[in-house]
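Student: Below is a structure I'd like to ask you about.
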Amino acid sequence: MNFLSVKNIGQIEPVCPYCNKRYSKMPTRSCKCKNCGEKIKVRKRLSDGNRVILKVSEVEKLERQHSIRRLLKRTLQDVNAEFELRKIADIAKNVDGRIISQADALWSLFSKRSLDYMKQQRWSAFSGNQIEMSELLAAEGKYSRAISPLSISLYLEANGGVARDWPDNFLQRKGRKRWNPSESFLGRYHLYLLRELAHNTNKDVGALYPEFNVATLPYFEGGFGISLSPEKAWANILNAEMNLD
Ligand SMILES: [Zn+2]
């Protein structure tokens, strides 16, 4: 992300941005200036990663820089995905002289990513990729097969980790406080997908447990440090599903 110049915001010197009073050392957190009483914010700035002192009015500017960067990053990821997709389609075309369907090309892309994300232990990316696989299968009318990737994503979410801004490698963080089931975040969208797949396979949501169990058991037994068994996670998922409106 170095192709954009990002404006420096704030100051690295331990000086009050309002009254210019110099402090003996850099404040480590937001506080009030002991000289003029104004509120001082302390943040890491985007341009060079330095910790800086900011006026309250400058914090919003810094946050805008961060949100623009996030947006750019997502856009770049999309462009990159499209590029990978074309590459895979080209390879397939060259290998056996036919153009594979876009769905097949996407499937190859998602499968490759699945392995990459797992190796890198990027669990939230992994989980999102499972959802994309499930959506792709459902879009092709392969509803039964779509249950497995959705189950994996739901299972990771029921284990509390991939939601919010938690680190991607949460499953491996031994030092982390034990996960509390009440912090579980089951996305409504996931649950609606589950409901839709049940509907399209003419089953009650509860009757999908065998598929869920088969899909998720390897993750429970795989040494990733996942705390909830498939059975317990499923109980939470069903509970959340029943409370959907
Ligand atoms: Zn001051």
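Chain lettering (A, B, ...) mirrors the order of the structure tokens, residue numbering begins at 1 for each chain separately, and ligand numbering begins at 1 in order of display.
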Can I get the residues close to ligand 1 as a PDB file with N, CA and C atoms, in the first residue's frame, where close means within 10 Å and we count only C-alpha atoms and all ligand atoms?
Tutor:
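Contents of result_10.pdb, as written:
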ATOM      1  N   VAL A  15       4.874  17.622  22.641  1.00  0.00           N
ATOM      2  CA  VAL A  15       4.482  19.027  22.807  1.00  0.00           C
ATOM      3  C   VAL A  15       2.964  19.138  22.695  1.00  0.00           C
ATOM      4  N   CYS A  16       2.350  19.900  23.560  1.00  0.00           N
ATOM      5  CA  CYS A  16       0.890  20.055  23.511  1.00  0.00           C
ATOM      6  C   CYS A  16       0.489  20.729  22.189  1.00  0.00           C
ATOM      7  N   PRO A  17      -0.449  20.130  21.454  1.00  0.00           N
ATOM      8  CA  PRO A  17      -0.841  20.696  20.167  1.00  0.00           C
ATOM      9  C   PRO A  17      -1.686  21.968  20.315  1.00  0.00           C
ATOM     10  N   TYR A  18      -2.099  22.276  21.545  1.00  0.00           N
ATOM     11  CA  TYR A  18      -2.915  23.479  21.748  1.00  0.00           C
ATOM     12  C   TYR A  18      -2.047  24.636  22.272  1.00  0.00           C
ATOM     13  N   CYS A  19      -1.306  24.386  23.355  1.00  0.00           N
ATOM     14  CA  CYS A  19      -0.592  25.494  24.005  1.00  0.00           C
ATOM     15  C   CYS A  19       0.930  25.429  23.806  1.00  0.00           C
ATOM     16  N   ASN A  20       1.378  24.369  23.078  1.00  0.00           N
ATOM     17  CA  ASN A  20       2.812  24.210  22.794  1.00  0.00           C
ATOM     18  C   ASN A  20       3.688  23.953  24.013  1.00  0.00           C
ATOM     19  N   LYS A  21       3.088  23.619  25.124  1.00  0.00           N
ATOM     20  CA  LYS A  21       3.867  23.261  26.323  1.00  0.00           C
ATOM     21  C   LYS A  21       4.612  21.943  26.036  1.00  0.00           C
ATOM     22  N   ARG A  22       5.901  21.941  26.315  1.00  0.00           N
ATOM     23  CA  ARG A  22       6.684  20.713  26.094  1.00  0.00           C
ATOM     24  C   ARG A  22       6.630  19.845  27.346  1.00  0.00           C
ATOM     25  N   TYR A  23       6.340  18.516  27.139  1.00  0.00           N
ATOM     26  CA  TYR A  23       6.304  17.595  28.278  1.00  0.00           C
ATOM     27  C   TYR A  23       7.660  16.924  28.415  1.00  0.00           C
ATOM     28  N   LYS A  32      -5.461  14.761  29.510  1.00  0.00           N
ATOM     29  CA  LYS A  32      -5.642  16.209  29.425  1.00  0.00           C
ATOM     30  C   LYS A  32      -4.303  16.893  29.630  1.00  0.00           C
ATOM     31  N   CYS A  33      -4.061  17.958  28.879  1.00  0.00           N
ATOM     32  CA  CYS A  33      -2.816  18.711  29.051  1.00  0.00           C
ATOM     33  C   CYS A  33      -2.809  19.343  30.440  1.00  0.00           C
ATOM     34  N   LYS A  34      -1.704  19.131  31.167  1.00  0.00           N
ATOM     35  CA  LYS A  34      -1.660  19.664  32.543  1.00  0.00           C
ATOM     36  C   LYS A  34      -1.520  21.181  32.544  1.00  0.00           C
ATOM     37  N   ASN A  35      -1.092  21.721  31.394  1.00  0.00           N
ATOM     38  CA  ASN A  35      -0.899  23.176  31.309  1.00  0.00           C
ATOM     39  C   ASN A  35      -2.184  23.915  30.924  1.00  0.00           C
ATOM     40  N   CYS A  36      -2.851  23.454  29.852  1.00  0.00           N
ATOM     41  CA  CYS A  36      -4.016  24.205  29.364  1.00  0.00           C
ATOM     42  C   CYS A  36      -5.341  23.468  29.558  1.00  0.00           C
ATOM     43  N   GLY A  37      -5.270  22.193  29.965  1.00  0.00           N
ATOM     44  CA  GLY A  37      -6.499  21.462  30.263  1.00  0.00           C
ATOM     45  C   GLY A  37      -7.234  20.901  29.050  1.00  0.00           C
ATOM     46  N   GLU A  38      -6.689  21.094  27.857  1.00  0.00           N
ATOM     47  CA  GLU A  38      -7.360  20.560  26.657  1.00  0.00           C
ATOM     48  C   GLU A  38      -7.127  19.055  26.538  1.00  0.00           C
ATOM     49  N   LYS A  39      -8.054  18.405  25.850  1.00  0.00           N
ATOM     50  CA  LYS A  39      -7.928  16.955  25.663  1.00  0.00           C
ATOM     51  C   LYS A  39      -6.911  16.637  24.582  1.00  0.00           C
ATOM     52  N   ILE A  40      -5.997  15.724  24.903  1.00  0.00           N
ATOM     53  CA  ILE A  40      -4.963  15.291  23.963  1.00  0.00           C
ATOM     54  C   ILE A  40      -5.206  13.834  23.604  1.00  0.00           C
TER      55      ILE A  40
END
Student: Taking only C-alpha atoms into account, produce a table as CSV in which each residue of segment 63-148 of chain A with an atom at most 9 Å from an atom of segment 195-202 of chain A appears once, together with its shortest atom pair and the distance in Å to one decimal, ordered by chain and rising number.
Tutor:
residue,atom,partner,partner_atom,distance
A:Ala138,CA,A:Leu197,CA,7.7
A:Gly141,CA,A:Asn200,CA,8.8
A:Tyr143,CA,A:Leu197,CA,5.8
A:Ser144,CA,A:Thr201,CA,6.6
A:Ala146,CA,A:Leu197,CA,7.5
A:Ile147,CA,A:Leu197,CA,6.8
Student: Write out as an MDAnalysis selection string which residues come within 10 Å of Arg69 of chain A when counting only C-alpha atoms, dropping same-chain ones fewer than 3 positions away.
Tutor: chainID A and resid 1 4 6 46 63:66 72:75
Student: With N, CA and C atoms retained, could you export that selection as a compact mmCIF listing (two decimals), in the first residue's frame?
Tutor:
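part_30.txt written:
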# COMPACT_ATOMS: atom_id res chain seq x y z
N MET A 1 0.84 -1.21 0.00
CA MET A 1 0.00 0.00 0.00
C MET A 1 0.86 1.24 0.00
N LEU A 4 0.35 5.18 -2.44
CA LEU A 4 -0.34 6.42 -2.10
C LEU A 4 0.46 7.14 -1.03
N VAL A 6 0.47 9.20 2.11
CA VAL A 6 -0.49 9.50 3.18
C VAL A 6 0.05 10.67 3.98
N LEU A 46 -1.06 6.55 10.39
CA LEU A 46 -0.96 5.64 9.26
C LEU A 46 0.28 5.90 8.42
N GLU A 63 -8.83 8.71 11.32
CA GLU A 63 -9.73 7.58 11.11
C GLU A 63 -10.19 7.49 9.66
N ARG A 64 -10.36 8.65 9.04
CA ARG A 64 -10.74 8.65 7.62
C ARG A 64 -9.62 8.03 6.77
N GLN A 65 -8.38 8.36 7.10
CA GLN A 65 -7.25 7.74 6.39
C GLN A 65 -7.32 6.21 6.51
N HIS A 66 -7.61 5.76 7.74
CA HIS A 66 -7.67 4.31 7.96
C HIS A 66 -8.80 3.69 7.15
N LEU A 72 -9.50 0.58 0.03
CA LEU A 72 -8.55 0.31 -1.05
C LEU A 72 -8.07 -1.14 -1.01
N LYS A 73 -7.81 -1.59 0.19
CA LYS A 73 -7.30 -2.94 0.36
C LYS A 73 -8.32 -3.95 -0.15
N ARG A 74 -9.59 -3.73 0.20
CA ARG A 74 -10.66 -4.64 -0.26
C ARG A 74 -10.76 -4.62 -1.77
N THR A 75 -10.69 -3.39 -2.35
CA THR A 75 -10.80 -3.26 -3.80
C THR A 75 -9.66 -4.01 -4.48
Student: To one decimal place in Å, what is the distance between atom CA of Met118 of chain A and atom CA of Met133 of chain A?
Tutor: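 It comes out at 14.8 Å.
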Student: From the options A:Phe110, A:Ser30, A:Gly128, A:Ile9, which residue's atoms come nearest to Glu60 of chain A, counting only C-alpha atoms?
Tutor: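 Once distances to Glu60 of chain A are computed over only C-alpha atoms, the minimum belongs to A:Ile9.
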Student: Which residues are near Gln130 of chain A? Cut-off 10 Å, only C-alpha atoms, ignore same chain within fewer than 2 positions. Put them as number ranges by chain.
Tutor: A: 110-111, 113-114, 124-128, 132-136, 146, 148-154
Student: How many Å separate atom CA of Val205 of chain A from atom CA of Leu109 of chain A?
Tutor: 29.2 Å
Student: Kindly give the distance, in Å, that separates atom CA of Leu194 of chain A and atom CA of Asn239 of chain A, rounded to a single decimal.
Tutor: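 Computing the Euclidean distance for atom CA of Leu194 of chain A and atom CA of Asn239 of chain A yields 12.9 Å.
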Student: Report as an mmCIF file with C-alpha atoms, in the first residue's frame: the residues of segment 34-243 of chain A with a DSSP assignment of strand (DSSP E), based on the backbone of this structure.
Tutor:
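Final file, selection-v8.cif:
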data_model
loop_
_atom_site.group_PDB
_atom_site.id
_atom_site.type_symbol
_atom_site.label_atom_id
_atom_site.label_comp_id
_atom_site.auth_asym_id
_atom_site.auth_seq_id
_atom_site.Cartn_x
_atom_site.Cartn_y
_atom_site.Cartn_z
ATOM 1 C CA LYS A 39 -7.928 16.955 25.663
ATOM 2 C CA ILE A 40 -4.963 15.291 23.963
ATOM 3 C CA LYS A 41 -5.322 12.144 21.903
ATOM 4 C CA VAL A 42 -2.541 9.621 21.370
ATOM 5 C CA ARG A 43 -2.696 7.383 18.295
ATOM 6 C CA LYS A 44 -0.520 5.469 15.907
ATOM 7 C CA ARG A 51 2.834 7.242 17.839
ATOM 8 C CA VAL A 52 1.683 10.834 17.736
ATOM 9 C CA ILE A 53 -0.114 13.462 19.790
ATOM 10 C CA LEU A 54 -3.301 14.768 18.213
ATOM 11 C CA LYS A 55 -5.932 17.374 18.804
#
Student: From the options A:Arg70, A:Leu106, A:Arg86, A:Gly206, which residue's atoms come nearest to Leu137 of chain A, counting only C-alpha atoms?
Tutor: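 The closest residue to Leu137 of chain A is A:Leu106.
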Student: Between A:Arg45, A:Asn50, A:Ile68, A:Ala103, which one has atoms that come closest to Ala139 of chain A, using only C-alpha atoms?
Tutor: A:Ala103
Student: DSSP says helix (DSSP H, G or I) for which residues of segment 19-106 of chain A? Put them as a PyMOL selection string?
Tutor: chain A and resi 56-96+102-106
Student: Between A:Glu84, A:Glu231, A:Glu241, A:Glu211, single out the one closest to Asn159 of chain A, counting only C-alpha atoms.
Tutor: A:Glu231
Student: Using only C-alpha atoms, can you tell me which of A:Trp123, A:Tyr117, A:Tyr155, A:Tyr209 comes closest to Gly187 of chain A?
Tutor: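 Nearest to Gly187 of chain A: A:Tyr155.
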